[in-house]
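First up is the structure itself, then whatever we jot down about it.
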Amino acid sequence: MLGSQGDAGQFRTPRHIIDFMVAVMDPKKNETILDPACGTAGFLISAWKHILQSNTSKKGEVSGKAGDLLAPDERARLAAGIHGYDISPDMVRLSLVNLYLHGFTDPRIEEHDTLTSDEKWNEVADVILANPPFMSPKGGIKPHKRFSVQATRSEVLFVDYMAEHLTATGRAAIVVPEGIIFQSGTAYKALRKLLVNTSLVAVVSLPSGVFNPYSGVKTSILILDKRLHKQLDSVLFVKVGNDGFNLRAQRRAVVNSDLPEATRLLRGWMTSPEKFEGDGVMAQAVERSQIAVNGDFNLSGERYIAAVTVANAFPMAALCDICKIHPESIDPAKEFGEGCFEYIDIAAIENETGSYLGGTLTKGTEAPSRARRKARHLDILLSTVRPNLRAFALLLNPPASAVASTGFAVLRVKPERVLPGYLIWLLRCNACVDQMVGMSGKGAYPSINSSDVETIQIPLPPLEVQNQIVVEIEGYQKIINGSRQVLDNYKPHIVVDPAWPIVRLGNIFKTKSGTTPLRDNPAYFEGGKVPWVKTLDLRDGPLDKTAECVTELALAETHLEKLPKGTVLVAMYGGLKQIGRTGVLEIEATSNQAMTALLPNPEVDPYFLNTVLISQRDYWKSVANSTRKDPNITKSDVLNFKLPLPDLPTQRAIVAGIEAEQALVNANRELIRRMEAKVKAAIDRVWGESARAWLNTQLFLMK
């Protein structure tokens, strides 16, 4: 399946990342374009669309004729100049179909092992776009002898291949795993040295969750440009913190993506480097001599992207000056023997909020080797292993027997210097986390050691000012916590009149079933315009958009059918967290097989039905198949649901009342957003230019 990892470590590249890379490369109609690990040809198709759009008149935009400014022979040359290779026959077939569907009459996709066969070694391209495999295939690699870097790792060899197969003025954008950026192996260092000395002009750091749910691997994009490299003595480092989606397993769109600004910065760097001014936060140019200074050619952007220098009102202090670090090291076997202690590992800390969830009771004689650091009330646990560099917690009244893993630094504040509540907020902010990320890069699981922890610096105002900041932030946090309680606990409640008739859903509703078209056929999804509902699209309310769409071909070749507006969907699969989730279609859509679709009935307001289904969620738990690890319900369970059914005006009056309640509840989301912004502003103020004026005000009020 396309969503899973192949034997050679292939992962599907998210569409928005492909389009971002193509926009940065800005391929032209007279250039040849290559992807030597092309998968389903996503990069090639995006490049094709980009060039067509760049050669479309206003008339073409109106008529939908992309590329109308291209003469027939130019369009033919463009198509002939786009080519790709892949080691997998299945991927080659999918690429060919995909290109046919996008207007290629004779697509150039070939089955070729780029790493072990030198048959095509003399072929070069003006633009290379690729996301090569992240790991070596099963059985290892026996590369041919024409590579500049001697290696057996596929990711090293692929990058070497692409760097060497650009024309004299060619350029490339390549997705690489984090290991390429910092690992200390001989081949990795040799590759980085080759790139820095011959073609590397920019490195884009992507968030660690870009490839979720297929992989949590941290990635970067290497930008190569042989022409530009000759004009520059620097490399641009760009940090993308928000790619437009959250970083959880099921990635959902969010606002304020950094990609448009990153595109602007990179295009400016590549077209007019002499006029470029990095902002020091998202982008900063670093001289190649600085990258080469210690011989490892480390390409971790966090090492070079400095925080904006501001006139800080507060002196900076290193953690070693304001804390005791690892104040008590113990051997649990000697300390507790057959008695139990509370072992705190990474699972005990909620990464996003820093909440302490409680440790695991463990016998002293059975203690893990990492259980070594005693932790007490008001100690701070600081995770030192990526990607958990925000799993920090302030311990409040832990058991006397609490012992932390060596994956944490234990900080015990010097009370005459710093307040624990102030320190935990400062440590969790981006300015501190970025310091730690810049220090990491050692081994398969990048981490920072005790000497690194000692050097982390924070602004240190007087204790009175620290207390003011803590009181301010905790006030905001109480509002956030209260608002979250409302969101977590509210559910609509309907007082049922005994006079209302009770009807079985199966007696008053017709249903339709959905399906999942074969994902092996990209023609069912690529360019689709028909909304296709999955369980995760159901949010217990109106549904006017879906994460995915299917094509008309999928409707023609499967038993998918469009569902009308007003259809109520009920999730049947996904365990107790998902079963019974609902949605009311406000658009025509199709659905997968994981839900029951209740078609509109003129005697039932769909939002009334939806509200009743939500308010009776315990019903689904009572009928779920409890023998399964993840309990499900069946279509019969949905149709057997008993619905109290007043007349239509009463239904609508009830819905109006519930909607008024929900408007008040939803206001809590905005309140949370505003309070979180205030927390951030309070912390930023400690680091920023406004700190001095704010400090003077606070000191005046304290007099």
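Starting from 1 in every chain, residues are counted up; chains themselves are A, B, ... following the order of the structure tokens, and ligands are numbered from 1 as listed.
Contact shell of stretch 646-658 of chain A at 6 Å (only C-alpha atoms; same-chain neighbours under 2 positions omitted): Trp500, Phe608, Ala660 and Glu661 of chain A.
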How would the residues just picked look written out with N, CA and C atoms as a short mmCIF file (atom, residue, chain, number, x, y, z; two decimals), in the first residue's frame?
data_model
loop_
_atom_site.label_atom_id
_atom_site.label_comp_id
_atom_site.auth_asym_id
_atom_site.auth_seq_id
_atom_site.Cartn_x
_atom_site.Cartn_y
_atom_site.Cartn_z
N TRP A 500 -43.72 11.34 23.91
CA TRP A 500 -43.13 11.22 22.58
C TRP A 500 -43.08 9.75 22.17
N PHE A 608 -31.41 17.22 14.95
CA PHE A 608 -32.05 16.64 16.13
C PHE A 608 -31.58 15.21 16.31
N ALA A 660 -27.49 27.02 20.95
CA ALA A 660 -27.15 28.18 21.79
C ALA A 660 -26.16 27.77 22.88
N GLU A 661 -26.40 26.60 23.50
CA GLU A 661 -25.45 26.10 24.50
C GLU A 661 -24.08 25.86 23.89
#
Quiz prompt | Contact residues around A:His83 with only C-alpha atoms at 8 Å, ignoring same-chain residues under 3 positions, as JSON, numbers by chain | solution = {"A": [33, 34, 35, 44, 80, 107, 108, 109]}
Next, dump the selected residues to file, keeping only N, CA and C atoms, as a PDB file, in the first residue's frame.
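Heads up, here's the output in selection_30.pdb:
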ATOM      1  N   ILE A  33      14.032  17.290 -16.137  1.00  0.00           N
ATOM      2  CA  ILE A  33      13.675  17.069 -14.735  1.00  0.00           C
ATOM      3  C   ILE A  33      13.744  15.578 -14.445  1.00  0.00           C
ATOM      4  N   LEU A  34      14.375  15.217 -13.333  1.00  0.00           N
ATOM      5  CA  LEU A  34      14.584  13.811 -12.987  1.00  0.00           C
ATOM      6  C   LEU A  34      14.214  13.557 -11.533  1.00  0.00           C
ATOM      7  N   ASP A  35      13.586  12.405 -11.296  1.00  0.00           N
ATOM      8  CA  ASP A  35      13.449  11.858  -9.948  1.00  0.00           C
ATOM      9  C   ASP A  35      13.969  10.422 -10.013  1.00  0.00           C
ATOM     10  N   LEU A  44       7.348  14.573 -10.194  1.00  0.00           N
ATOM     11  CA  LEU A  44       7.334  14.850 -11.634  1.00  0.00           C
ATOM     12  C   LEU A  44       6.025  15.500 -12.056  1.00  0.00           C
ATOM     13  N   ALA A  80       8.888  15.155 -22.752  1.00  0.00           N
ATOM     14  CA  ALA A  80       9.994  14.233 -23.021  1.00  0.00           C
ATOM     15  C   ALA A  80      11.155  14.446 -22.059  1.00  0.00           C
ATOM     16  N   PRO A 107       5.135   8.583 -21.347  1.00  0.00           N
ATOM     17  CA  PRO A 107       5.895   8.901 -20.132  1.00  0.00           C
ATOM     18  C   PRO A 107       7.208   8.122 -20.046  1.00  0.00           C
ATOM     19  N   ARG A 108       8.235   8.792 -19.527  1.00  0.00           N
ATOM     20  CA  ARG A 108       9.572   8.187 -19.427  1.00  0.00           C
ATOM     21  C   ARG A 108       9.833   7.751 -17.981  1.00  0.00           C
ATOM     22  N   ILE A 109       9.320   6.611 -17.619  1.00  0.00           N
ATOM     23  CA  ILE A 109       9.569   6.013 -16.310  1.00  0.00           C
ATOM     24  C   ILE A 109      10.176   4.638 -16.544  1.00  0.00           C
TER      25      ILE A 109
END
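Among the candidates A:Ala262, A:Val471, A:Met595, A:Leu487, the one nearest to A:Ser513 when counting only C-alpha atoms is A:Met595.
Of the listed residues (A:Asp544, A:Asn592, A:Ser450, A:Asp605), A:Asn592 comes nearest to A:Gly514; the distances count only C-alpha atoms.
Of the listed residues A:Ala76, A:Met91, A:Cys320, A:Gln53, the one whose atoms come nearest to A:Asp520 is A:Met91, with distances taken using only C-alpha atoms.
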Quiz item: Could you pull the residues within 12 Å of A:Lys145, counting only C-alpha atoms, minus those fewer than 2 positions along the same chain, as a ChimeraX atom specification?
Solution: /A:115-118,121,142-143,147-152,157,161
Please produce a file of those selected residues containing all heavy atoms, as a short mmCIF file (atom, residue, chain, number, x, y, z; two decimals), in the first residue's frame.
data_model
loop_
_atom_site.label_atom_id
_atom_site.label_comp_id
_atom_site.auth_asym_id
_atom_site.auth_seq_id
_atom_site.Cartn_x
_atom_site.Cartn_y
_atom_site.Cartn_z
N LEU A 115 21.45 2.54 -7.58
CA LEU A 115 22.61 2.35 -6.71
C LEU A 115 23.53 1.21 -7.15
O LEU A 115 24.74 1.28 -6.92
CB LEU A 115 22.15 2.11 -5.27
CG LEU A 115 21.23 3.19 -4.68
CD1 LEU A 115 20.95 2.89 -3.21
CD2 LEU A 115 21.83 4.58 -4.85
N THR A 116 22.99 0.16 -7.75
CA THR A 116 23.83 -0.99 -8.08
C THR A 116 24.15 -1.09 -9.56
O THR A 116 25.06 -1.83 -9.95
CB THR A 116 23.16 -2.30 -7.63
OG1 THR A 116 21.93 -2.47 -8.35
CG2 THR A 116 22.86 -2.27 -6.14
N SER A 117 23.42 -0.35 -10.39
CA SER A 117 23.67 -0.38 -11.83
C SER A 117 24.17 0.99 -12.29
O SER A 117 23.56 2.01 -11.97
CB SER A 117 22.39 -0.74 -12.59
OG SER A 117 22.57 -0.55 -13.98
N ASP A 118 25.27 1.00 -13.05
CA ASP A 118 25.79 2.28 -13.56
C ASP A 118 25.41 2.51 -15.02
O ASP A 118 25.99 3.34 -15.71
CB ASP A 118 27.30 2.35 -13.39
CG ASP A 118 28.03 1.27 -14.22
OD1 ASP A 118 27.34 0.46 -14.87
OD2 ASP A 118 29.27 1.26 -14.20
N TRP A 121 24.63 6.11 -15.73
CA TRP A 121 25.48 7.03 -14.99
C TRP A 121 25.77 8.32 -15.76
O TRP A 121 25.93 9.39 -15.17
CB TRP A 121 26.81 6.34 -14.62
CG TRP A 121 27.66 7.18 -13.73
CD1 TRP A 121 28.71 7.97 -14.09
CD2 TRP A 121 27.50 7.36 -12.33
NE1 TRP A 121 29.23 8.62 -13.00
CE2 TRP A 121 28.50 8.26 -11.89
CE3 TRP A 121 26.62 6.83 -11.39
CZ2 TRP A 121 28.64 8.64 -10.57
CZ3 TRP A 121 26.77 7.22 -10.06
CH2 TRP A 121 27.76 8.11 -9.66
N LYS A 142 25.03 -3.44 -2.51
CA LYS A 142 26.35 -3.58 -3.10
C LYS A 142 26.46 -2.56 -4.22
O LYS A 142 26.17 -2.87 -5.39
CB LYS A 142 26.56 -5.00 -3.62
CG LYS A 142 26.59 -6.06 -2.52
CD LYS A 142 26.83 -7.45 -3.09
CE LYS A 142 26.85 -8.48 -1.97
NZ LYS A 142 27.04 -9.86 -2.50
N PRO A 143 26.83 -1.32 -3.89
CA PRO A 143 26.82 -0.25 -4.89
C PRO A 143 27.91 -0.45 -5.94
O PRO A 143 28.93 -1.10 -5.70
CB PRO A 143 27.07 1.00 -4.06
CG PRO A 143 27.85 0.52 -2.88
CD PRO A 143 27.32 -0.84 -2.58
N PHE A 147 30.58 6.03 -7.48
CA PHE A 147 30.20 7.07 -6.54
C PHE A 147 31.45 7.76 -5.98
O PHE A 147 32.50 7.12 -5.80
CB PHE A 147 29.40 6.49 -5.38
CG PHE A 147 28.03 6.01 -5.77
CD1 PHE A 147 27.80 4.66 -6.02
CD2 PHE A 147 26.98 6.90 -5.89
CE1 PHE A 147 26.55 4.21 -6.38
CE2 PHE A 147 25.72 6.46 -6.26
CZ PHE A 147 25.50 5.11 -6.51
N SER A 148 31.33 9.04 -5.68
CA SER A 148 32.45 9.77 -5.07
C SER A 148 32.62 9.39 -3.61
O SER A 148 33.74 9.37 -3.09
CB SER A 148 32.21 11.28 -5.18
OG SER A 148 32.24 11.69 -6.52
N VAL A 149 31.51 9.11 -2.93
CA VAL A 149 31.54 8.76 -1.51
C VAL A 149 31.40 7.24 -1.39
O VAL A 149 30.43 6.66 -1.91
CB VAL A 149 30.41 9.46 -0.73
CG1 VAL A 149 30.42 9.02 0.73
CG2 VAL A 149 30.56 10.98 -0.83
N GLN A 150 32.33 6.61 -0.74
CA GLN A 150 32.26 5.17 -0.53
C GLN A 150 31.35 4.88 0.66
O GLN A 150 31.66 5.27 1.78
CB GLN A 150 33.67 4.61 -0.28
CG GLN A 150 34.62 4.85 -1.44
CD GLN A 150 34.06 4.32 -2.77
OE1 GLN A 150 33.71 3.15 -2.87
NE2 GLN A 150 33.99 5.18 -3.78
N ALA A 151 30.23 4.25 0.39
CA ALA A 151 29.24 4.01 1.44
C ALA A 151 28.39 2.81 1.06
O ALA A 151 28.38 2.36 -0.09
CB ALA A 151 28.35 5.24 1.62
N THR A 152 27.67 2.29 2.06
CA THR A 152 26.70 1.22 1.83
C THR A 152 25.31 1.64 2.28
O THR A 152 24.38 0.84 2.21
CB THR A 152 27.12 -0.06 2.58
OG1 THR A 152 27.23 0.24 3.99
CG2 THR A 152 28.43 -0.60 2.06
N LEU A 157 24.18 7.25 -0.60
CA LEU A 157 24.45 7.01 -2.02
C LEU A 157 23.49 7.78 -2.92
O LEU A 157 23.89 8.32 -3.96
CB LEU A 157 24.36 5.51 -2.31
CG LEU A 157 25.45 4.65 -1.63
CD1 LEU A 157 25.10 3.18 -1.74
CD2 LEU A 157 26.81 4.94 -2.24
N TYR A 161 24.53 10.46 -5.62
CA TYR A 161 24.12 10.29 -7.02
C TYR A 161 23.52 11.57 -7.57
O TYR A 161 23.85 12.01 -8.68
CB TYR A 161 23.11 9.14 -7.11
CG TYR A 161 22.63 8.87 -8.52
CD1 TYR A 161 23.25 7.92 -9.32
CD2 TYR A 161 21.54 9.57 -9.05
CE1 TYR A 161 22.81 7.67 -10.61
CE2 TYR A 161 21.10 9.34 -10.34
CZ TYR A 161 21.74 8.39 -11.12
OH TYR A 161 21.30 8.16 -12.40
#
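The coordinates place atom CA of A:Thr596 at 17.8 Å from atom CA of A:Asp618.
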Practice problem: From stretch 63-130 of chain A, collect each residue whose DSSP state is strand (DSSP E or B) and return the set as a PyMOL selection string. | Solution: chain A and resi 82-86+108-111+125-130
Would you output that residue set with C-alpha atoms, as a PDB file, in the first residue's frame?
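File written: selection.pdb
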ATOM      1  CA  ILE A  82      10.564  14.688 -17.498  1.00  0.00           C
ATOM      2  CA  HIS A  83      11.772  11.267 -16.458  1.00  0.00           C
ATOM      3  CA  GLY A  84      12.117   9.000 -13.454  1.00  0.00           C
ATOM      4  CA  TYR A  85      13.503   5.688 -12.245  1.00  0.00           C
ATOM      5  CA  ASP A  86      12.370   3.279  -9.566  1.00  0.00           C
ATOM      6  CA  ARG A 108       9.572   8.187 -19.427  1.00  0.00           C
ATOM      7  CA  ILE A 109       9.569   6.013 -16.310  1.00  0.00           C
ATOM      8  CA  GLU A 110      12.024   3.140 -16.195  1.00  0.00           C
ATOM      9  CA  GLU A 111      12.712   0.263 -13.832  1.00  0.00           C
ATOM     10  CA  ALA A 125      19.374  16.652 -15.470  1.00  0.00           C
ATOM     11  CA  ASP A 126      18.845  20.377 -14.999  1.00  0.00           C
ATOM     12  CA  VAL A 127      16.485  19.834 -12.034  1.00  0.00           C
ATOM     13  CA  ILE A 128      16.370  16.853  -9.667  1.00  0.00           C
ATOM     14  CA  LEU A 129      13.524  16.464  -7.172  1.00  0.00           C
ATOM     15  CA  ALA A 130      13.406  13.442  -4.895  1.00  0.00           C
TER      16      ALA A 130
END
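Going from atom CA of A:Arg372 over to atom CA of A:Glu338, you cover 16.4 Å.
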Self-check item: Neighbour list for stretch 418-429 of chain A as a VMD selection string, cut-off 8 Å, only C-alpha atoms, skip fewer than 6 positions in-chain
Solution: chain A and resid 322 378 to 380 390 392 to 394 458 460 463 466 to 467 469 to 470 683
Can I get the selected residues back with N, CA and C atoms, as a PDB file, in the first residue's frame?
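What ended up in result-v1.pdb:
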ATOM      1  N   ILE A 322      22.314  28.331  38.749  1.00  0.00           N
ATOM      2  CA  ILE A 322      21.071  28.564  39.493  1.00  0.00           C
ATOM      3  C   ILE A 322      20.409  27.269  39.957  1.00  0.00           C
ATOM      4  N   LEU A 378       9.250  19.803  44.013  1.00  0.00           N
ATOM      5  CA  LEU A 378       9.717  21.015  43.346  1.00  0.00           C
ATOM      6  C   LEU A 378      10.985  20.805  42.519  1.00  0.00           C
ATOM      7  N   ASP A 379      11.427  19.552  42.353  1.00  0.00           N
ATOM      8  CA  ASP A 379      12.466  19.285  41.355  1.00  0.00           C
ATOM      9  C   ASP A 379      11.861  19.411  39.964  1.00  0.00           C
ATOM     10  N   ILE A 380      12.702  19.753  39.008  1.00  0.00           N
ATOM     11  CA  ILE A 380      12.279  19.840  37.611  1.00  0.00           C
ATOM     12  C   ILE A 380      12.946  18.725  36.830  1.00  0.00           C
ATOM     13  N   ARG A 390      10.367  18.543  24.992  1.00  0.00           N
ATOM     14  CA  ARG A 390       9.457  19.406  25.736  1.00  0.00           C
ATOM     15  C   ARG A 390       8.789  18.617  26.852  1.00  0.00           C
ATOM     16  N   PHE A 392       9.070  18.208  29.895  1.00  0.00           N
ATOM     17  CA  PHE A 392       9.629  18.730  31.135  1.00  0.00           C
ATOM     18  C   PHE A 392       8.502  18.844  32.156  1.00  0.00           C
ATOM     19  N   ALA A 393       8.812  18.568  33.411  1.00  0.00           N
ATOM     20  CA  ALA A 393       7.755  18.620  34.424  1.00  0.00           C
ATOM     21  C   ALA A 393       8.306  19.180  35.729  1.00  0.00           C
ATOM     22  N   LEU A 394       7.464  19.946  36.394  1.00  0.00           N
ATOM     23  CA  LEU A 394       7.734  20.386  37.757  1.00  0.00           C
ATOM     24  C   LEU A 394       7.019  19.419  38.683  1.00  0.00           C
ATOM     25  N   ILE A 458      19.145  31.206  30.586  1.00  0.00           N
ATOM     26  CA  ILE A 458      17.840  31.872  30.625  1.00  0.00           C
ATOM     27  C   ILE A 458      18.024  33.271  31.197  1.00  0.00           C
ATOM     28  N   LEU A 460      17.395  36.074  33.841  1.00  0.00           N
ATOM     29  CA  LEU A 460      17.142  35.906  35.276  1.00  0.00           C
ATOM     30  C   LEU A 460      16.825  37.250  35.927  1.00  0.00           C
ATOM     31  N   LEU A 463      13.919  37.934  42.060  1.00  0.00           N
ATOM     32  CA  LEU A 463      12.909  36.987  42.520  1.00  0.00           C
ATOM     33  C   LEU A 463      11.517  37.609  42.547  1.00  0.00           C
ATOM     34  N   GLN A 466      10.293  37.517  39.056  1.00  0.00           N
ATOM     35  CA  GLN A 466       9.971  36.124  38.717  1.00  0.00           C
ATOM     36  C   GLN A 466       8.595  35.746  39.265  1.00  0.00           C
ATOM     37  N   ASN A 467       8.356  36.136  40.521  1.00  0.00           N
ATOM     38  CA  ASN A 467       7.076  35.802  41.143  1.00  0.00           C
ATOM     39  C   ASN A 467       5.913  36.466  40.410  1.00  0.00           C
ATOM     40  N   ILE A 469       5.783  37.169  37.275  1.00  0.00           N
ATOM     41  CA  ILE A 469       5.590  36.441  36.016  1.00  0.00           C
ATOM     42  C   ILE A 469       4.848  35.133  36.275  1.00  0.00           C
ATOM     43  N   VAL A 470       5.246  34.415  37.330  1.00  0.00           N
ATOM     44  CA  VAL A 470       4.605  33.138  37.647  1.00  0.00           C
ATOM     45  C   VAL A 470       3.131  33.349  37.978  1.00  0.00           C
ATOM     46  N   ILE A 683       6.097  35.118  28.447  1.00  0.00           N
ATOM     47  CA  ILE A 683       7.430  34.524  28.375  1.00  0.00           C
ATOM     48  C   ILE A 683       8.305  35.288  27.386  1.00  0.00           C
TER      49      ILE A 683
END
